[in-house]
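Dumped target14.cif below, it's mmCIF, C-alpha atoms:
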data_coords
#
loop_
_atom_site.label_atom_id
_atom_site.label_comp_id
_atom_site.auth_asym_id
_atom_site.auth_seq_id
_atom_site.Cartn_x
_atom_site.Cartn_y
_atom_site.Cartn_z
CA MET J 1 19.35 -100.94 125.46
CA SER J 2 17.02 -103.76 126.50
CA GLY J 3 16.11 -106.61 124.19
CA TRP J 4 12.47 -105.59 124.25
CA SER J 5 13.24 -101.97 123.38
CA GLU J 6 15.44 -103.16 120.50
CA LYS J 7 12.54 -105.16 119.12
CA LEU J 8 10.25 -102.16 119.40
CA LEU J 9 12.82 -100.02 117.59
CA GLU J 10 12.99 -102.55 114.75
CA ARG J 11 9.23 -102.64 114.58
CA GLY J 12 9.15 -98.86 114.47
CA ILE J 13 11.58 -98.92 111.52
CA GLN J 14 9.23 -101.31 109.70
CA PHE J 15 6.31 -98.92 110.24
CA VAL J 16 8.43 -96.06 108.89
CA ARG J 17 9.25 -98.03 105.75
CA LYS J 18 5.52 -98.48 105.19
CA GLN J 19 4.95 -94.77 105.97
CA ASP J 20 2.60 -95.75 108.77
CA TRP J 21 3.51 -92.71 110.85
CA GLU J 22 1.01 -93.21 113.66
CA GLY J 23 2.01 -96.84 114.07
CA ALA J 24 5.68 -95.86 114.14
CA ALA J 25 5.09 -93.08 116.68
CA ARG J 26 3.15 -95.43 118.96
CA VAL J 27 5.74 -98.20 118.89
CA LEU J 28 8.68 -95.83 119.33
CA SER J 29 6.93 -94.19 122.27
CA ASP J 30 6.79 -97.61 123.90
CA ALA J 31 10.47 -98.16 123.10
CA VAL J 32 11.61 -95.06 125.01
CA LYS J 33 9.38 -96.00 127.93
CA TYR J 34 11.36 -99.20 128.32
CA ASP J 35 14.67 -97.46 127.69
CA THR J 36 14.64 -93.67 128.16
CA GLY J 37 18.25 -93.48 127.02
CA MET J 38 17.59 -95.02 123.59
CA TYR J 39 18.61 -92.01 121.51
CA GLU J 40 18.04 -93.89 118.25
CA ALA J 41 14.32 -94.13 119.04
CA TRP J 42 14.14 -90.44 119.95
CA VAL J 43 15.75 -89.49 116.62
CA LEU J 44 13.49 -91.80 114.63
CA ARG J 45 10.41 -90.54 116.43
CA GLY J 46 11.53 -87.01 115.58
CA ASN J 47 11.75 -88.05 111.93
CA VAL J 48 8.21 -89.41 112.13
CA ARG J 49 6.93 -86.13 113.55
CA MET J 50 8.71 -84.26 110.74
CA ALA J 51 6.89 -86.45 108.20
CA GLN J 52 3.64 -85.55 109.97
CA GLU J 53 4.56 -81.85 109.84
CA MET J 54 4.56 -81.66 113.66
CA TYR J 55 7.75 -79.63 113.75
CA LEU J 56 7.82 -78.49 117.39
CA ASP J 57 7.27 -82.05 118.56
CA ALA J 58 10.04 -83.22 116.22
CA ALA J 59 12.44 -80.60 117.60
CA LEU J 60 11.75 -81.71 121.16
CA HIS J 61 12.54 -85.32 120.23
CA TYR J 62 15.82 -84.37 118.53
CA GLU J 63 16.82 -82.27 121.53
CA ARG J 64 16.10 -85.22 123.82
CA ALA J 65 18.32 -87.46 121.69
CA ILE J 66 21.12 -84.85 121.75
CA SER J 67 20.84 -84.53 125.52
CA ILE J 68 21.62 -88.25 125.72
CA LYS J 69 24.38 -88.28 123.13
CA GLY J 70 25.68 -84.91 121.99
CA ASP J 71 27.67 -86.01 118.95
CA LEU J 72 24.72 -87.07 116.79
CA ALA J 73 25.34 -85.29 113.49
CA ASP J 74 22.04 -86.42 111.98
CA ALA J 75 20.04 -85.33 115.03
CA TRP J 76 21.65 -81.86 114.93
CA SER J 77 20.95 -81.56 111.20
CA ASN J 78 17.37 -82.75 111.58
CA LEU J 79 16.90 -80.33 114.47
CA GLY J 80 18.02 -77.55 112.14
CA SER J 81 15.39 -78.65 109.61
CA ALA J 82 12.68 -78.62 112.28
CA PHE J 83 13.67 -75.10 113.35
CA LEU J 84 13.71 -74.05 109.69
CA LYS J 85 10.16 -75.30 109.18
CA MET J 86 9.10 -73.16 112.15
CA GLY J 87 10.87 -70.08 110.77
CA MET J 88 13.46 -70.07 113.58
CA TYR J 89 16.35 -69.20 111.29
CA GLN J 90 19.09 -68.40 113.80
CA ALA J 91 18.37 -71.58 115.73
CA ALA J 92 18.37 -73.55 112.47
CA ARG J 93 21.72 -72.06 111.43
CA ASP J 94 23.24 -72.93 114.81
CA ALA J 95 21.97 -76.51 114.68
CA TYR J 96 23.29 -77.05 111.15
CA ARG J 97 26.70 -75.66 112.19
CA ARG J 98 26.83 -78.00 115.17
CA SER J 99 26.06 -80.92 112.85
CA MET J 100 29.01 -79.93 110.64
CA GLN J 101 31.30 -79.76 113.65
CA VAL J 102 30.45 -83.37 114.46
CA LYS J 103 30.63 -84.56 110.85
CA ASP J 104 30.83 -82.47 107.69
CA SER J 105 28.18 -84.18 105.54
CA TRP J 106 25.97 -82.92 102.76
CA GLU J 107 22.75 -82.80 104.81
CA PRO J 108 23.46 -79.67 106.91
CA HIS J 109 24.82 -77.84 103.87
CA ALA J 110 21.63 -78.68 101.97
CA GLY J 111 19.64 -77.53 104.99
CA LEU J 112 21.48 -74.21 105.05
CA ALA J 113 20.87 -73.84 101.31
CA ASN J 114 17.15 -74.31 101.96
CA MET J 115 17.30 -71.74 104.73
CA TYR J 116 19.07 -69.16 102.58
CA CYS J 117 16.52 -69.76 99.81
CA ASP J 118 13.75 -69.08 102.32
CA LEU J 119 15.56 -65.85 103.21
CA MET J 120 16.02 -64.97 99.50
CA ASP J 121 19.81 -64.98 99.89
CA LEU J 122 20.44 -67.03 96.75
CA LYS J 123 24.18 -66.27 96.64
CA GLN J 124 24.68 -67.89 100.05
CA ALA J 125 22.32 -70.69 99.05
CA GLU J 126 24.45 -71.41 95.99
CA GLU J 127 27.62 -71.58 98.11
CA GLU J 128 26.02 -74.14 100.42
CA CYS J 129 24.71 -76.11 97.43
CA GLN J 130 28.24 -76.27 96.03
CA LYS J 131 29.54 -77.55 99.38
CA ALA J 132 26.82 -80.20 99.53
CA LEU J 133 27.60 -81.23 95.96
CA ALA J 134 31.32 -81.55 96.73
CA ILE J 135 30.45 -84.10 99.43
CA ASP J 136 27.56 -85.86 97.69
CA ASN J 137 27.77 -85.65 93.90
CA THR J 138 24.24 -86.84 93.11
CA ALA J 139 21.43 -85.81 90.79
CA ASP J 140 19.44 -84.27 93.64
CA ARG J 141 22.33 -82.00 94.64
CA HIS J 142 22.79 -80.84 91.02
CA PHE J 143 19.07 -80.25 90.58
CA TYR J 144 18.77 -78.08 93.66
CA LEU J 145 21.89 -76.14 92.70
CA GLY J 146 20.30 -75.56 89.29
CA CYS J 147 17.13 -74.12 90.86
CA VAL J 148 19.22 -71.70 92.93
CA GLN J 149 21.28 -70.62 89.92
CA LEU J 150 18.18 -70.12 87.76
CA GLY J 151 16.68 -67.90 90.44
CA GLN J 152 19.74 -65.65 90.14
CA GLY J 153 19.38 -65.43 86.38
CA LYS J 154 22.31 -67.78 85.74
CA TRP J 155 20.46 -69.71 83.09
CA LYS J 156 23.33 -71.45 81.29
CA GLU J 157 24.76 -73.31 84.27
CA GLY J 158 21.37 -73.32 85.98
CA PHE J 159 19.56 -75.29 83.29
CA GLU J 160 22.51 -77.66 82.92
CA ASN J 161 22.17 -78.57 86.59
CA TYR J 162 18.37 -78.49 86.45
CA TYR J 163 18.58 -81.17 83.74
CA TYR J 164 19.91 -83.63 86.34
CA ARG J 165 16.34 -84.08 87.59
CA TRP J 166 15.89 -86.69 84.85
CA LEU J 167 18.64 -88.95 86.21
CA ASP J 168 16.54 -89.86 89.23
CA HIS J 169 13.05 -89.43 87.81
CA PRO J 170 10.62 -92.20 88.90
CA GLN J 171 8.04 -91.55 86.18
CA ALA J 172 9.77 -90.18 83.09
CA PRO J 173 7.35 -89.71 80.16
CA LEU J 174 7.38 -92.33 77.41
CA ALA J 175 8.70 -89.78 74.90
CA ARG J 176 11.78 -89.39 77.06
CA ARG J 177 12.35 -93.12 77.32
CA ALA J 178 11.54 -94.10 73.74
CA LEU J 179 12.91 -91.29 71.56
CA PRO J 180 16.32 -89.63 71.12
CA GLN J 181 16.43 -86.47 73.22
CA TRP J 182 16.98 -83.34 71.18
CA GLN J 183 20.28 -81.63 71.98
CA GLY J 184 20.18 -78.95 69.30
CA GLU J 185 20.53 -81.08 66.15
CA ASP J 186 19.26 -79.71 62.83
CA LEU J 187 15.48 -80.09 62.74
CA THR J 188 15.05 -79.47 59.02
CA GLY J 189 12.57 -82.05 57.75
CA ARG J 190 12.31 -83.57 61.25
CA THR J 191 9.49 -84.16 63.69
CA ILE J 192 9.96 -83.30 67.36
CA VAL J 193 7.75 -84.34 70.27
CA LEU J 194 7.61 -81.94 73.19
CA TYR J 195 6.39 -83.17 76.56
CA PRO J 196 5.57 -81.43 79.86
CA ASN J 197 7.31 -81.65 83.21
CA GLN J 198 6.46 -80.53 86.75
CA GLY J 199 3.07 -78.97 87.60
CA PHE J 200 0.40 -77.30 85.48
CA GLY J 201 1.86 -73.84 86.10
CA ASP J 202 5.26 -74.84 84.75
CA GLU J 203 3.62 -76.68 81.85
CA ILE J 204 1.69 -73.55 80.87
CA MET J 205 4.75 -71.32 81.33
CA ALA J 206 6.96 -73.49 79.12
CA MET J 207 4.30 -74.06 76.45
CA ARG J 208 5.44 -70.81 74.77
CA PHE J 209 8.53 -72.63 73.50
CA ALA J 210 6.44 -75.15 71.52
CA SER J 211 6.07 -72.83 68.56
CA ARG J 212 7.67 -71.72 65.30
CA ASP J 213 9.08 -68.71 67.15
CA TYR J 214 11.62 -71.08 68.68
CA LEU J 215 11.52 -74.19 66.46
CA SER J 216 11.17 -72.68 62.98
CA GLU J 217 13.22 -75.38 61.24
CA ALA J 218 11.13 -78.35 62.41
CA ARG J 219 8.91 -79.98 59.81
CA HIS J 220 6.35 -80.96 62.43
CA ILE J 221 5.91 -80.08 66.13
CA VAL J 222 3.91 -82.41 68.35
CA LEU J 223 3.03 -81.13 71.81
CA GLN J 224 1.94 -83.63 74.40
CA THR J 225 -0.29 -82.26 77.14
CA ARG J 226 -2.32 -83.46 80.06
CA SER J 227 -6.05 -83.49 79.30
CA PRO J 228 -7.08 -80.28 81.18
CA LEU J 229 -4.71 -78.31 78.90
CA ALA J 230 -5.42 -80.05 75.58
CA ASP J 231 -8.04 -77.59 74.35
CA ILE J 232 -6.30 -74.34 75.32
CA ALA J 233 -2.98 -75.62 73.90
CA ARG J 234 -4.31 -75.90 70.31
CA HIS J 235 -2.36 -73.74 67.88
CA PRO J 236 -1.61 -73.80 64.11
CA ASP J 237 2.09 -74.29 64.88
CA ARG J 238 1.65 -77.70 66.44
CA GLU J 239 -0.29 -80.93 66.75
CA ILE J 240 -1.68 -81.77 70.19
CA LYS J 241 -1.40 -85.28 71.59
CA ALA J 242 -2.38 -86.68 74.98
CA LEU J 243 0.59 -87.17 77.29
CA ASN J 244 -0.45 -90.73 78.13
CA GLY J 245 -1.66 -91.61 74.65
CA THR J 246 0.07 -93.36 71.77
CA LEU J 247 3.50 -91.97 71.07
CA PRO J 248 3.64 -90.50 67.54
CA ARG J 249 6.47 -91.28 65.15
CA ALA J 250 9.18 -88.69 65.56
CA ASP J 251 12.89 -88.07 65.22
CA TYR J 252 13.46 -86.33 68.54
CA ALA J 253 11.78 -85.49 71.83
CA CYS J 254 12.43 -82.81 74.43
CA SER J 255 10.83 -81.53 77.60
CA THR J 256 9.46 -78.01 77.16
CA LEU J 257 11.30 -77.04 80.35
CA ASP J 258 14.59 -78.14 78.77
CA LEU J 259 14.13 -76.08 75.60
CA PRO J 260 15.67 -72.90 77.09
CA MET J 261 18.84 -74.92 77.79
CA VAL J 262 18.99 -76.50 74.32
CA LEU J 263 18.17 -73.20 72.61
CA GLY J 264 20.77 -71.37 74.72
CA LEU J 265 18.29 -68.77 75.95
CA ASN J 266 19.04 -66.30 78.71
CA TRP J 267 16.30 -65.02 81.03
CA ASP J 268 16.07 -61.69 79.19
CA GLU J 269 15.53 -63.43 75.84
CA VAL J 270 12.16 -65.00 76.65
CA ASN J 271 9.55 -64.18 74.01
CA CYS J 272 6.83 -62.40 75.97
CA PRO J 273 3.73 -61.81 73.78
CA PRO J 274 0.56 -63.82 74.66
CA TYR J 275 0.78 -67.30 73.19
CA LEU J 276 -2.52 -68.87 74.26
CA THR J 277 -5.97 -67.67 73.19
CA ALA J 278 -9.27 -67.79 75.02
CA ASP J 279 -12.25 -68.95 72.98
CA PRO J 280 -14.06 -65.69 72.05
CA VAL J 281 -17.48 -67.37 71.93
CA ARG J 282 -17.14 -68.85 75.40
CA ALA J 283 -15.68 -65.59 76.70
CA ALA J 284 -18.66 -63.65 75.30
CA ARG J 285 -21.06 -65.99 77.12
CA TRP J 286 -19.27 -65.37 80.41
CA ARG J 287 -19.23 -61.63 79.75
CA GLU J 288 -23.02 -61.62 79.38
CA ARG J 289 -23.35 -63.13 82.85
CA MET J 290 -20.99 -60.73 84.61
CA PRO J 291 -22.54 -58.41 87.18
CA LYS J 292 -22.35 -54.69 86.60
CA GLY J 293 -19.16 -53.13 87.92
CA PHE J 294 -15.45 -53.98 88.04
CA ASN J 295 -15.10 -57.78 88.03
CA ILE J 296 -12.08 -59.40 89.64
CA GLY J 297 -11.32 -63.11 89.38
CA VAL J 298 -9.80 -64.46 92.59
CA CYS J 299 -7.82 -67.60 93.37
CA TRP J 300 -6.40 -67.97 96.87
CA THR J 301 -5.24 -71.58 97.20
CA SER J 302 -2.40 -73.30 95.33
CA GLY J 303 -3.24 -76.61 93.75
CA GLY J 304 0.26 -77.98 94.22
CA HIS J 305 1.87 -80.84 92.33
CA PHE J 306 2.80 -84.44 93.13
CA SER J 307 6.39 -83.32 93.76
CA SER J 308 5.29 -80.58 96.19
CA SER J 309 4.76 -81.17 99.88
CA LEU J 310 1.56 -80.13 101.60
CA SER J 311 3.53 -77.50 103.54
CA ILE J 312 4.70 -75.86 100.27
CA GLN J 313 1.09 -75.67 99.06
CA ARG J 314 0.12 -74.00 102.33
CA ILE J 315 2.97 -71.50 102.09
CA LYS J 316 1.90 -70.55 98.56
CA SER J 317 -1.74 -70.11 99.59
CA MET J 318 -3.53 -67.40 101.56
CA ARG J 319 -6.69 -67.46 103.62
CA VAL J 320 -9.82 -66.54 101.70
CA GLU J 321 -10.56 -63.85 104.29
CA ALA J 322 -7.61 -61.84 102.93
CA LEU J 323 -9.73 -61.06 99.86
CA ALA J 324 -11.88 -58.75 101.96
CA ALA J 325 -9.28 -56.04 101.23
CA PHE J 326 -10.48 -56.00 97.61
CA LYS J 327 -14.19 -55.60 98.40
CA GLN J 328 -14.21 -51.98 97.37
CA PRO J 329 -17.24 -50.04 96.06
CA GLY J 330 -18.19 -51.18 92.60
CA VAL J 331 -16.04 -54.34 92.79
CA ASN J 332 -17.38 -57.87 92.30
CA LEU J 333 -15.31 -60.91 93.23
CA ILE J 334 -15.61 -63.90 90.87
CA SER J 335 -14.11 -67.22 91.99
CA LEU J 336 -11.44 -68.90 89.91
CA GLN J 337 -10.71 -71.36 92.73
CA LYS J 338 -11.09 -75.09 92.11
CA PRO J 339 -11.41 -77.01 94.31
CA VAL J 340 -12.58 -74.93 97.26
CA ILE J 341 -11.15 -76.52 100.40
CA GLU J 342 -12.38 -74.02 102.99
CA ALA J 343 -15.72 -72.38 103.60
CA ILE J 344 -16.10 -68.99 101.92
CA PRO J 345 -17.54 -66.36 104.29
CA ALA J 346 -20.87 -65.13 102.97
CA ALA J 347 -19.80 -61.53 103.67
CA LEU J 348 -17.26 -61.74 100.84
CA GLU J 349 -20.09 -62.28 98.33
CA ILE J 350 -17.85 -64.25 95.95
CA THR J 351 -19.70 -65.39 92.83
CA ASP J 352 -18.75 -68.99 92.12
CA TRP J 353 -19.40 -70.56 88.70
CA MET J 354 -16.45 -72.98 88.85
CA GLU J 355 -18.69 -76.06 88.80
CA GLU J 356 -19.30 -75.15 85.16
CA VAL J 357 -15.57 -75.01 84.42
CA ASP J 358 -14.19 -78.32 83.15
CA ASP J 359 -10.72 -77.47 81.87
CA PHE J 360 -8.23 -74.64 81.41
CA ALA J 361 -9.92 -73.51 78.17
CA ASP J 362 -13.03 -72.80 80.23
CA THR J 363 -10.88 -71.03 82.83
CA ALA J 364 -9.24 -68.91 80.12
CA ALA J 365 -12.63 -67.91 78.70
CA LEU J 366 -13.88 -66.89 82.13
CA ILE J 367 -10.69 -64.88 82.75
CA ALA J 368 -11.06 -63.13 79.38
CA ALA J 369 -14.45 -61.80 80.56
CA LEU J 370 -12.95 -60.23 83.71
CA ASP J 371 -11.31 -56.87 84.35
CA LEU J 372 -8.53 -58.23 86.59
CA VAL J 373 -7.27 -61.48 88.07
CA ILE J 374 -5.86 -61.62 91.60
CA SER J 375 -4.26 -64.97 92.30
CA VAL J 376 -1.68 -66.76 94.37
CA ASP J 377 1.15 -68.44 92.49
CA THR J 378 -0.68 -71.29 90.79
CA SER J 379 -1.89 -72.36 87.34
CA VAL J 380 -4.65 -69.73 87.22
CA ALA J 381 -2.04 -66.95 87.31
CA HIS J 382 -0.12 -68.63 84.47
CA ILE J 383 -3.22 -69.03 82.30
CA ALA J 384 -4.12 -65.39 82.83
CA GLY J 385 -0.62 -64.27 81.87
CA ALA J 386 -0.44 -66.60 78.87
CA ILE J 387 -3.60 -65.11 77.31
CA GLY J 388 -2.45 -61.57 78.08
CA ALA J 389 -5.02 -60.80 80.79
CA ARG J 390 -4.17 -58.35 83.55
CA VAL J 391 -3.14 -60.43 86.55
CA TRP J 392 -1.72 -59.66 89.97
CA ASN J 393 0.26 -62.67 91.17
CA PHE J 394 0.96 -63.06 94.90
CA VAL J 395 4.32 -64.78 95.29
CA ARG J 396 5.65 -66.33 98.48
CA PHE J 397 8.96 -65.20 99.97
CA SER J 398 11.35 -67.78 98.56
CA GLY J 399 13.88 -68.41 95.84
CA TYR J 400 11.41 -70.19 93.53
CA TRP J 401 13.30 -69.74 90.27
CA PRO J 402 10.72 -68.72 87.60
CA TRP J 403 10.06 -65.37 89.27
CA LEU J 404 13.79 -64.64 89.68
CA ALA J 405 15.31 -62.77 92.60
CA PRO J 406 14.02 -59.18 92.87
CA ASP J 407 17.47 -57.75 92.11
CA VAL J 408 17.61 -59.56 88.75
CA CYS J 409 14.59 -58.17 86.90
CA GLY J 410 12.86 -55.98 89.47
CA PRO J 411 10.55 -56.72 92.39
CA ASP J 412 7.22 -56.69 90.54
CA LYS J 413 8.10 -57.71 86.97
CA SER J 414 7.56 -61.14 85.44
CA ILE J 415 9.86 -62.07 82.56
CA TRP J 416 7.21 -64.52 81.34
CA TYR J 417 4.10 -62.35 81.17
CA PRO J 418 4.04 -58.58 80.43
CA SER J 419 0.46 -58.36 81.74
CA MET J 420 1.45 -59.79 85.13
CA LYS J 421 2.46 -57.82 88.19
CA LEU J 422 4.15 -59.63 91.07
CA TYR J 423 3.31 -58.93 94.69
CA ARG J 424 6.07 -60.58 96.69
CA GLN J 425 5.97 -61.29 100.38
CA PRO J 426 8.53 -59.10 102.21
CA ARG J 427 9.18 -61.98 104.60
CA GLY J 428 7.97 -65.54 105.05
CA HIS J 429 4.25 -66.08 105.70
CA ASP J 430 3.45 -62.36 105.45
CA TRP J 431 0.53 -61.80 103.08
CA GLU J 432 -0.73 -58.70 104.89
CA GLU J 433 1.82 -56.32 103.36
CA PRO J 434 1.39 -57.35 99.68
CA VAL J 435 -2.41 -57.51 100.07
CA ARG J 436 -2.42 -54.02 101.59
CA ARG J 437 -0.21 -52.75 98.75
CA ALA J 438 -2.43 -54.37 96.12
CA ALA J 439 -5.57 -52.92 97.71
CA LYS J 440 -4.08 -49.42 97.36
CA ASP J 441 -3.14 -50.16 93.74
CA LEU J 442 -6.70 -51.30 93.14
CA GLU J 443 -8.00 -47.95 94.41
CA VAL J 444 -5.80 -46.19 91.86
CA LEU J 445 -6.85 -48.57 89.08
CA LEU J 446 -10.54 -48.08 89.86
CA ALA J 447 -10.10 -44.30 89.87
CA ASP J 448 -8.34 -44.45 86.49
CA THR J 449 -11.04 -46.74 85.11
CA VAL J 450 -13.80 -44.34 86.18
CA GLY J 451 -11.85 -41.37 84.83
CA ASN J 452 -11.46 -43.01 81.42
CA ASN J 453 -15.15 -43.88 81.08
#
Structure rendered as structure tokens:
Amino acid sequence: MSGWSEKLLERGIQFVRKQDWEGAARVLSDAVKYDTGMYEAWVLRGNVRMAQEMYLDAALHYERAISIKGDLADAWSNLGSAFLKMGMYQAARDAYRRSMQVKDSWEPHAGLANMYCDLMDLKQAEEECQKALAIDNTADRHFYLGCVQLGQGKWKEGFENYYYRWLDHPQAPLARRALPQWQGEDLTGRTIVLYPNQGFGDEIMAMRFASRDYLSEARHIVLQTRSPLADIARHPDREIKALNGTLPRADYACSTLDLPMVLGLNWDEVNCPPYLTADPVRAARWRERMPKGFNIGVCWTSGGHFSSSLSIQRIKSMRVEALAAFKQPGVNLISLQKPVIEAIPAALEITDWMEEVDDFADTAALIAALDLVISVDTSVAHIAGAIGARVWNFVRFSGYWPWLAPDVCGPDKSIWYPSMKLYRQPRGHDWEEPVRRAAKDLEVLLADTVGNN
């Protein structure tokens, strides 16, 4: 390793720390020009390409590093992750195993757990999570184990591990930092503040627990929400406060996503009836504007969340062209997509009023005026389910825990929303099969609708 190449490597590390990926890639490329055998630079450049979601390029860099020095446990593990991102599962498994042969660390076990989640083999994923946890007993390992257990319907131990997310949370809400966290104490005569966690979809899903159905003993329930949900969240059971506003006086606080753990609920004990209500006046206004025929609200792109990577958002989303399967005679497509990040083909004839929609209360009113909602797994699907609208939710092939594994509650049932039907991918990235199945179901629904009129 030459002195100049060492300096370039150090400079590349500085760029990585600043997340200047292009600068790091450029400098590290120069480093390996001066010293082609500098495996450290090849590994780091592979890491940069992973951060840029250039997975094939990353794999080639890791393989180059391994060709120079074959006992690089981190390079083998990272190579497995690159293969996993490309859907090359056997190659990923082999790379992770090779990493373990060099050094049995938590990273390849966590990688295998990710892979088994992608393959919907949650039992194997849990085994690998346990192995990773035995080596690296950290909050992240517990949290991921909790997600895998929840997906299998193991709610008691699952939520206990899921709770570890708070131990390493960079932006915990003020109510969590300033108030005693409720652990099941008697709430008689007490005030409890409930606050959201994760994305809008999870916030909507867990909002059902902020009610007298679950907290009957509390004197006063205060629900903190983010502003787009403040209007739709209003309910006689609770007072609504802005999440970032002044913290009200209270005896306890709890995240709505932790309430199932504190209440000791199992997955088959979730209270299912609709718990949010669309404004009937606003819904009537939308209904007056609807074209004649069977009106379907469509949402094809996931909005994501600050904790989600761009690749996860892409995996959850489908191309707008897939909606052509639902352009059947008598059907009108009404957009529920906001924002629109790709051009909508004119041939789809999608009516788009979303510029007039300011918050989720507006979205709920628009949904209430429709005959059906077809959506990818995002907040629109949750709002539709929460108000009791008929919704077909397209779910990616993964172990994402709220929808549970198909063998727990059935392939198309949602434990959260009786009016929701799940259309799961049969394999990763395959939207064609569930779209085709839904299109056939739509034909049946349209025939039944005509027959009943």
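You can rank J:Gly189, J:Arg49, J:His61, J:Glu157 by their closest distance to Thr36 (chain J) using only C-alpha atoms, and at the top of that list sits J:His61.
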Using the chain letters and residue numbers of this document, give as a ChimeraX atom specification the residues selected by the PyMOL selection byres ((chain J and resi 116-132) around 7). /J:106,109-110,112-115,133-136,141,145,148-149,152,397-399
Export of prior selection with C-alpha atoms as a compact mmCIF listing (two decimals), keeping the file's coordinate frame:
# COMPACT_ATOMS: atom_id res chain seq x y z
CA TRP J 106 25.97 -82.92 102.76
CA HIS J 109 24.82 -77.84 103.87
CA ALA J 110 21.63 -78.68 101.97
CA LEU J 112 21.48 -74.21 105.05
CA ALA J 113 20.87 -73.84 101.31
CA ASN J 114 17.15 -74.31 101.96
CA MET J 115 17.30 -71.74 104.73
CA LEU J 133 27.60 -81.23 95.96
CA ALA J 134 31.32 -81.55 96.73
CA ILE J 135 30.45 -84.10 99.43
CA ASP J 136 27.56 -85.86 97.69
CA ARG J 141 22.33 -82.00 94.64
CA LEU J 145 21.89 -76.14 92.70
CA VAL J 148 19.22 -71.70 92.93
CA GLN J 149 21.28 -70.62 89.92
CA GLN J 152 19.74 -65.65 90.14
CA PHE J 397 8.96 -65.20 99.97
CA SER J 398 11.35 -67.78 98.56
CA GLY J 399 13.88 -68.41 95.84
Name all residues at most 8 Å from Leu257 (chain J) (count only C-alpha atoms; drop same-chain ones fewer than 6 positions away) and give them as an mmCIF file with C-alpha atoms, in the frame of the given file.
data_model
loop_
_atom_site.group_PDB
_atom_site.id
_atom_site.type_symbol
_atom_site.label_atom_id
_atom_site.label_comp_id
_atom_site.auth_asym_id
_atom_site.auth_seq_id
_atom_site.Cartn_x
_atom_site.Cartn_y
_atom_site.Cartn_z
ATOM 1 C CA PRO J 196 5.570 -81.430 79.860
ATOM 2 C CA ASN J 197 7.310 -81.650 83.210
ATOM 3 C CA ASP J 202 5.260 -74.840 84.750
ATOM 4 C CA GLU J 203 3.620 -76.680 81.850
ATOM 5 C CA ALA J 206 6.960 -73.490 79.120
#
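When all atoms listed in the file are used to measure the gap to Thr256 (chain J), the shortest distance among J:Ala218, J:Val435, J:Ile192, J:Ala82 belongs to J:Ile192.
If you apply the PyMOL selection byres ((chain J and resi 334) around 6) to this structure, you end up with Ile296, Gly297, Leu333, Ser335, Ile350 and Thr351 of chain J.
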Show which residues sit within 12 Å of Gln14 (chain J), as a list of chain:residue names. Count only C-alpha atoms, and ignore same-chain residues fewer than 5 positions away. J:Lys7, J:Leu8, J:Leu9, J:Gln19, J:Asp20, J:Trp21, J:Gly23, J:Ala24, J:Ala25, J:Val27, J:Leu28, J:Leu44
Give me the result of the PyMOL selection byres ((chain J and resi 37-39) around 10) on this file, residue by residue, as a tab-separated table (two decimals) with C-alpha atoms, in the coordinates of the input.
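Output (expr-v4.tsv):
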chain	number	residue	atom	x	y	z
J	1	MET	CA	19.35	-100.94	125.46
J	2	SER	CA	17.02	-103.76	126.50
J	5	SER	CA	13.24	-101.97	123.38
J	6	GLU	CA	15.44	-103.16	120.50
J	9	LEU	CA	12.82	-100.02	117.59
J	28	LEU	CA	8.68	-95.83	119.33
J	31	ALA	CA	10.47	-98.16	123.10
J	32	VAL	CA	11.61	-95.06	125.01
J	33	LYS	CA	9.38	-96.00	127.93
J	34	TYR	CA	11.36	-99.20	128.32
J	35	ASP	CA	14.67	-97.46	127.69
J	36	THR	CA	14.64	-93.67	128.16
J	40	GLU	CA	18.04	-93.89	118.25
J	41	ALA	CA	14.32	-94.13	119.04
J	42	TRP	CA	14.14	-90.44	119.95
J	43	VAL	CA	15.75	-89.49	116.62
J	44	LEU	CA	13.49	-91.80	114.63
J	45	ARG	CA	10.41	-90.54	116.43
J	61	HIS	CA	12.54	-85.32	120.23
J	62	TYR	CA	15.82	-84.37	118.53
J	63	GLU	CA	16.82	-82.27	121.53
J	64	ARG	CA	16.10	-85.22	123.82
J	65	ALA	CA	18.32	-87.46	121.69
J	66	ILE	CA	21.12	-84.85	121.75
J	67	SER	CA	20.84	-84.53	125.52
J	68	ILE	CA	21.62	-88.25	125.72
J	69	LYS	CA	24.38	-88.28	123.13
J	72	LEU	CA	24.72	-87.07	116.79
J	75	ALA	CA	20.04	-85.33	115.03
Counting only C-alpha atoms, the option among J:Lys18, J:Arg437, J:His429, J:Arg219 closest to Asp186 (chain J): J:Arg219
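For the pair CA of Val391 (chain J) and CA of Ser375 (chain J), the interatomic distance is 7.4 Å.
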Return the single residue from J:Asp279, J:Glu160, J:Asp407, J:Glu432 that is closest to Arg234 (chain J), with distances computed using all atoms listed in the file. J:Asp279
Contacts of Ala175 (chain J) at 8 Å (all atoms listed in the file; same-chain gap of 3+ positions) as a PDB file with C-alpha atoms, in the frame of the given file:
ATOM      1  CA  ALA J 178      11.540 -94.100  73.740  1.00  0.00           C
ATOM      2  CA  LEU J 179      12.910 -91.290  71.560  1.00  0.00           C
ATOM      3  CA  VAL J 193       7.750 -84.340  70.270  1.00  0.00           C
ATOM      4  CA  TYR J 195       6.390 -83.170  76.560  1.00  0.00           C
ATOM      5  CA  LEU J 247       3.500 -91.970  71.070  1.00  0.00           C
ATOM      6  CA  ALA J 253      11.780 -85.490  71.830  1.00  0.00           C
ATOM      7  CA  CYS J 254      12.430 -82.810  74.430  1.00  0.00           C
TER       8      CYS J 254
END
